[in-house]
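Student: I'd like to ask some things about the structure below.
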There are 2 protein chains.
Amino acid sequence: MDVRTICLGILTRGDATGYEIKKLFEDDGYQHFVEASFGSIYPALNRLTDEGYVSVRAESQEKRPDRKVYSITPTGRSQFIASLLKPLPEDRHRSPFVFAMLFADLLPTSRVSGMLNTYIDQVGQKLAHLNEHNDASQSGGEKFVSGFGRAVYVAILDFLTAHRAEIEEQQSAQAAE
Amino acid sequence: MDVRTICLGILTRGDATGYEIKKLFEDDGYQHFVEASFGSIYPALNRLTDEGYVSVRAESQEKRPDRKVYSITPTGRSQFIASLLKPLPEDRHRSPFVFAMLFADLLPTSRVSGMLNTYIDQVGQKLAHLNEHNDASQSGGEKFVSGFGRAVYVAILDFLTAHRAEIEEQQSAQAAE
DNA sequence: TCGATCTATATCGGACCTATATAGATGCAG
DNA sequence: CTGCATCTATATAGGTCCGATATAGATCGA
């Protein structure tokens with residue numbers, strides 16, 4: 001699922017600038033299991049334009065850089081749907097926190113507790129964010145995806161609350177100093 | 001959490017070749033929330049060697065390329081622990097499946113059901129894999145991380161089983177053809 | 001009114017992954 | 001018992017993507 005495909009998908013829901021595409025990941029319901037940076041969005045949109053999958057219109061604004069508003073073309077739409085009919089790449093979940101827990105025995109208890117607190121806090125915020133944006137305007141897909149996110153985050157919080165004591169006791173003698 | 005740090009961490013548990021480091025992600029309990037490819041592991045080990053964080057001994061084998069066995073140095077060990085004391089990068093969970101569900105209305109029901117079946121199958125396999133490698137030899141950290149993985153996978157399976165019907169009914173008129 | 005944040009585009013360097021090349025060993029199916 | 005697939009093992013090239021940075025005027029709150 002490369003950035004070009006992600007951009008095409010978002011443009012099926014309406015025209016947008018590169019900036020707005022990025023904001024969708026941060027503000028709305030899209031954000032939790034897909035992301036892309038400016039450094040890949042802008043080149044992706046240029047290439048999609050070259051390939052004829054999107055069109056641009058430059059809205060010139062006084063004393064500001066042009067707003068480049070992108071629209072998906074019929075070709076782009078077919079291309080996007082075709083990409084959803086091909087086998088999907090697998091999920092990729094990278095968690096520096098989980099990796100760090102494998103080495104809890106090398107760290108002072110206070111650091112392990114700190115990591116747990118920070119992580120629990122972050123997941124709690126993501127959950128709160130999902131709940132905030134849980135309004136009636138959501139499409140069926142968005143509701144489903146929100147529910148998915150909530151299920152995952154709640155499971156993580158439950159597990160960590162129930163089992164954090166086990167990992168907080170993992171220090172070996174020399175790390176406990 | 002870059003690949004160099006990941007390699008250092010694994011080498012705190014014992015010497016290994018680049019190949020063995022990669023295999024640890026595939027076979028053992030490490031695999032679910034951390035990964036690295038050969039294309040990044042080999043350059044990482046070279047650079048760690050240059051920096052003095054690991055040492056290599058080449059075990060020459062008859063009619064085979066040398067096995068390059070890497071060991072972490074005391075400097076490398078301090079460096080690794082120092083990196084765990086710094087703030088951790090946030091989790092990054094990319095899910096093409098979740099992204100695709102946002103566009104269920106553009107797809108035929110059969111394709112949405114197929115995606116769900118494939119995804120449920122993959123998560124089920126990951127869960128089974130975690131359960132297989134759940135033996136007494138695991139360290140405290142590994143047990144904790146296995147439990148974390150199980151909690152996440154079970155939550156996903158429960159959610160999808162309970163809510164798949166909602167997304168399977170999302171097709172708009174033109175996509176249902 | 002001054003600084004911070006926001007809108008908006010863009011590029012560079014570096015990190016990382018995928019695919020590929022090489023090559024002998026081993027194991028299994030026919 | 002033979003041939004094909006898989007495994008051990010290292011390595012690189014090409015391409016994708018992210019993080020940091022640059023630019024620059026607008027807006028908003030202290």
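Every chain in the structure tokens has a letter given in the order shown (A, B, ...), and although residue numbers restart at 1 in each chain, ligands are simply numbered from 1 in the order shown.
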As a PyMOL selection string, please: every residue in segment 104-166 of chain A that DSSP puts in alpha helix (DSSP H).

Tutor: chain A and resi 109-132+140-166

Student: Up to 8 Å from chain B, what residues of chain C turn up? Count only C-alpha atoms (C1' of nucleotides) and give them as a list in words.

Tutor: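 Matching residues, ligands excluded from the count: DC16, DC17, DA23 and DG24 of chain C.
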
Student: Could you please take those selected residues and save N, CA and C atoms (P, O5', C5', C4', C3', O3' and C1' of nucleotides) as an mmCIF file, in the first residue's frame?

Tutor:
```cif
data_model
loop_
_atom_site.group_PDB
_atom_site.id
_atom_site.type_symbol
_atom_site.label_atom_id
_atom_site.label_comp_id
_atom_site.auth_asym_id
_atom_site.auth_seq_id
_atom_site.Cartn_x
_atom_site.Cartn_y
_atom_site.Cartn_z
ATOM 1 P P DC C 16 16.827 2.259 9.944
ATOM 2 O "O5'" DC C 16 16.026 1.479 8.817
ATOM 3 C "C5'" DC C 16 14.678 1.864 8.551
ATOM 4 C "C4'" DC C 16 14.243 1.242 7.250
ATOM 5 C "C3'" DC C 16 14.564 -0.242 7.109
ATOM 6 O "O3'" DC C 16 13.360 -0.987 7.349
ATOM 7 C "C1'" DC C 16 14.883 0.998 5.067
ATOM 8 P P DC C 17 13.300 -2.552 7.112
ATOM 9 O "O5'" DC C 17 12.783 -2.664 5.609
ATOM 10 C "C5'" DC C 17 11.607 -1.962 5.221
ATOM 11 C "C4'" DC C 17 11.248 -2.303 3.780
ATOM 12 C "C3'" DC C 17 11.224 -3.796 3.470
ATOM 13 O "O3'" DC C 17 10.087 -4.074 2.656
ATOM 14 C "C1'" DC C 17 12.778 -2.711 2.045
ATOM 15 P P DA C 23 29.083 -18.113 -8.035
ATOM 16 O "O5'" DA C 23 28.892 -19.201 -6.896
ATOM 17 C "C5'" DA C 23 29.191 -18.908 -5.530
ATOM 18 C "C4'" DA C 23 28.792 -20.105 -4.699
ATOM 19 C "C3'" DA C 23 28.480 -21.366 -5.529
ATOM 20 O "O3'" DA C 23 28.980 -22.498 -4.857
ATOM 21 C "C1'" DA C 23 26.694 -20.880 -4.136
ATOM 22 P P DG C 24 29.512 -23.810 -5.731
ATOM 23 O "O5'" DG C 24 29.658 -24.946 -4.632
ATOM 24 C "C5'" DG C 24 30.312 -24.634 -3.425
ATOM 25 C "C4'" DG C 24 29.427 -25.013 -2.266
ATOM 26 C "C3'" DG C 24 28.989 -26.497 -2.269
ATOM 27 O "O3'" DG C 24 29.300 -27.064 -1.015
ATOM 28 C "C1'" DG C 24 27.135 -25.084 -1.939
#
```

Student: When distances are computed from only C-alpha atoms, which of B:Tyr53, B:Tyr153, B:Tyr70, B:Tyr19 shows the smallest separation from chain A?

Tutor: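 For chain A, the nearest of the candidates is B:Tyr153.
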
Student: Output the contact residues of chain A with respect to chain B at a cut-off of 9 Å, based on only C-alpha atoms, as a PyMOL selection string.

Tutor: chain A and resi 1+6+9+30+32-35+81+84-85+87-107+111+115+119+122+139-145+147-148+151-156+158-160+163-164+166-167+169-170

Student: Just the residues within 9 Å of Leu45 of chain B, please, counting only C-alpha atoms (C1' of nucleotides), with nothing from its chain fewer than 4 positions along; format it as a list in words.

Tutor: Arg4, Cys7, Leu8, Gly18, Ser40, Ile41, Thr49, Asp50, Val54 and Tyr70 of chain B

Student: To one decimal in Å, tell me the separation between atom CA of Gly14 of chain A and atom CA of Ser71 of chain A.

Tutor: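 Spanning atom CA of Gly14 of chain A to atom CA of Ser71 of chain A is a straight-line distance of 7.2 Å.
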
Student: Between A:Val56, A:His133, A:Ala44, A:Lys23, which one has atoms that come closest to chain D, using only C-alpha atoms (C1' of nucleotides)?

Tutor: A:Ala44

Student: Rounded to one decimal place, report the atom CA of Arg57 of chain B-atom CA of Thr73 of chain B distance in Å.

Tutor: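 Separating atom CA of Arg57 of chain B from atom CA of Thr73 of chain B is a distance of 12.6 Å.
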
Student: Any idea which chain D residues end up within 8 Å of chain A if we count only C-alpha atoms (C1' of nucleotides), as a list in words please?

Tutor: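 Going by the stated atoms only, the list reads DC17, DC18, DA24 and DG25 of chain D.
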
Student: Keeping N, CA and C atoms (P, O5', C5', C4', C3', O3' and C1' of nucleotides) for every residue in the selection just given, could you write it to a file as a PDB file, in the first residue's frame?

Tutor:
```
ATOM      1  P    DC D  17       6.001   4.534  -1.057  1.00  0.00           P
ATOM      2  O5'  DC D  17       6.580   5.187   0.272  1.00  0.00           O
ATOM      3  C5'  DC D  17       7.013   4.311   1.328  1.00  0.00           C
ATOM      4  C4'  DC D  17       7.825   5.104   2.309  1.00  0.00           C
ATOM      5  C3'  DC D  17       7.183   6.419   2.750  1.00  0.00           C
ATOM      6  O3'  DC D  17       6.717   6.265   4.081  1.00  0.00           O
ATOM      7  C1'  DC D  17       9.557   6.612   2.360  1.00  0.00           C
ATOM      8  P    DC D  18       6.049   7.468   4.869  1.00  0.00           P
ATOM      9  O5'  DC D  18       7.260   8.007   5.754  1.00  0.00           O
ATOM     10  C5'  DC D  18       8.053   7.080   6.487  1.00  0.00           C
ATOM     11  C4'  DC D  18       9.160   7.801   7.214  1.00  0.00           C
ATOM     12  C3'  DC D  18       8.722   9.046   7.979  1.00  0.00           C
ATOM     13  O3'  DC D  18       9.334   9.013   9.258  1.00  0.00           O
ATOM     14  C1'  DC D  18      10.446   9.605   6.444  1.00  0.00           C
ATOM     15  P    DA D  24      11.284  33.586   1.023  1.00  0.00           P
ATOM     16  O5'  DA D  24       9.779  33.820   1.466  1.00  0.00           O
ATOM     17  C5'  DA D  24       8.701  33.203   0.766  1.00  0.00           C
ATOM     18  C4'  DA D  24       7.421  33.537   1.479  1.00  0.00           C
ATOM     19  C3'  DA D  24       7.539  34.723   2.449  1.00  0.00           C
ATOM     20  O3'  DA D  24       6.389  35.522   2.331  1.00  0.00           O
ATOM     21  C1'  DA D  24       6.644  32.897   3.546  1.00  0.00           C
ATOM     22  P    DG D  25       6.518  37.142   2.564  1.00  0.00           P
ATOM     23  O5'  DG D  25       4.992  37.590   2.729  1.00  0.00           O
ATOM     24  C5'  DG D  25       4.034  37.135   1.796  1.00  0.00           C
ATOM     25  C4'  DG D  25       2.888  36.486   2.534  1.00  0.00           C
ATOM     26  C3'  DG D  25       2.192  37.406   3.559  1.00  0.00           C
ATOM     27  O3'  DG D  25       0.806  37.422   3.269  1.00  0.00           O
ATOM     28  C1'  DG D  25       2.689  35.295   4.509  1.00  0.00           C
TER      29       DG D  25
END
```

Student: Residues of segment 14-170 of chain A in strand (DSSP E or B) according to DSSP, as a VMD selection string?

Tutor: chain A and resid 16 54 to 59 67 to 72 92 to 94
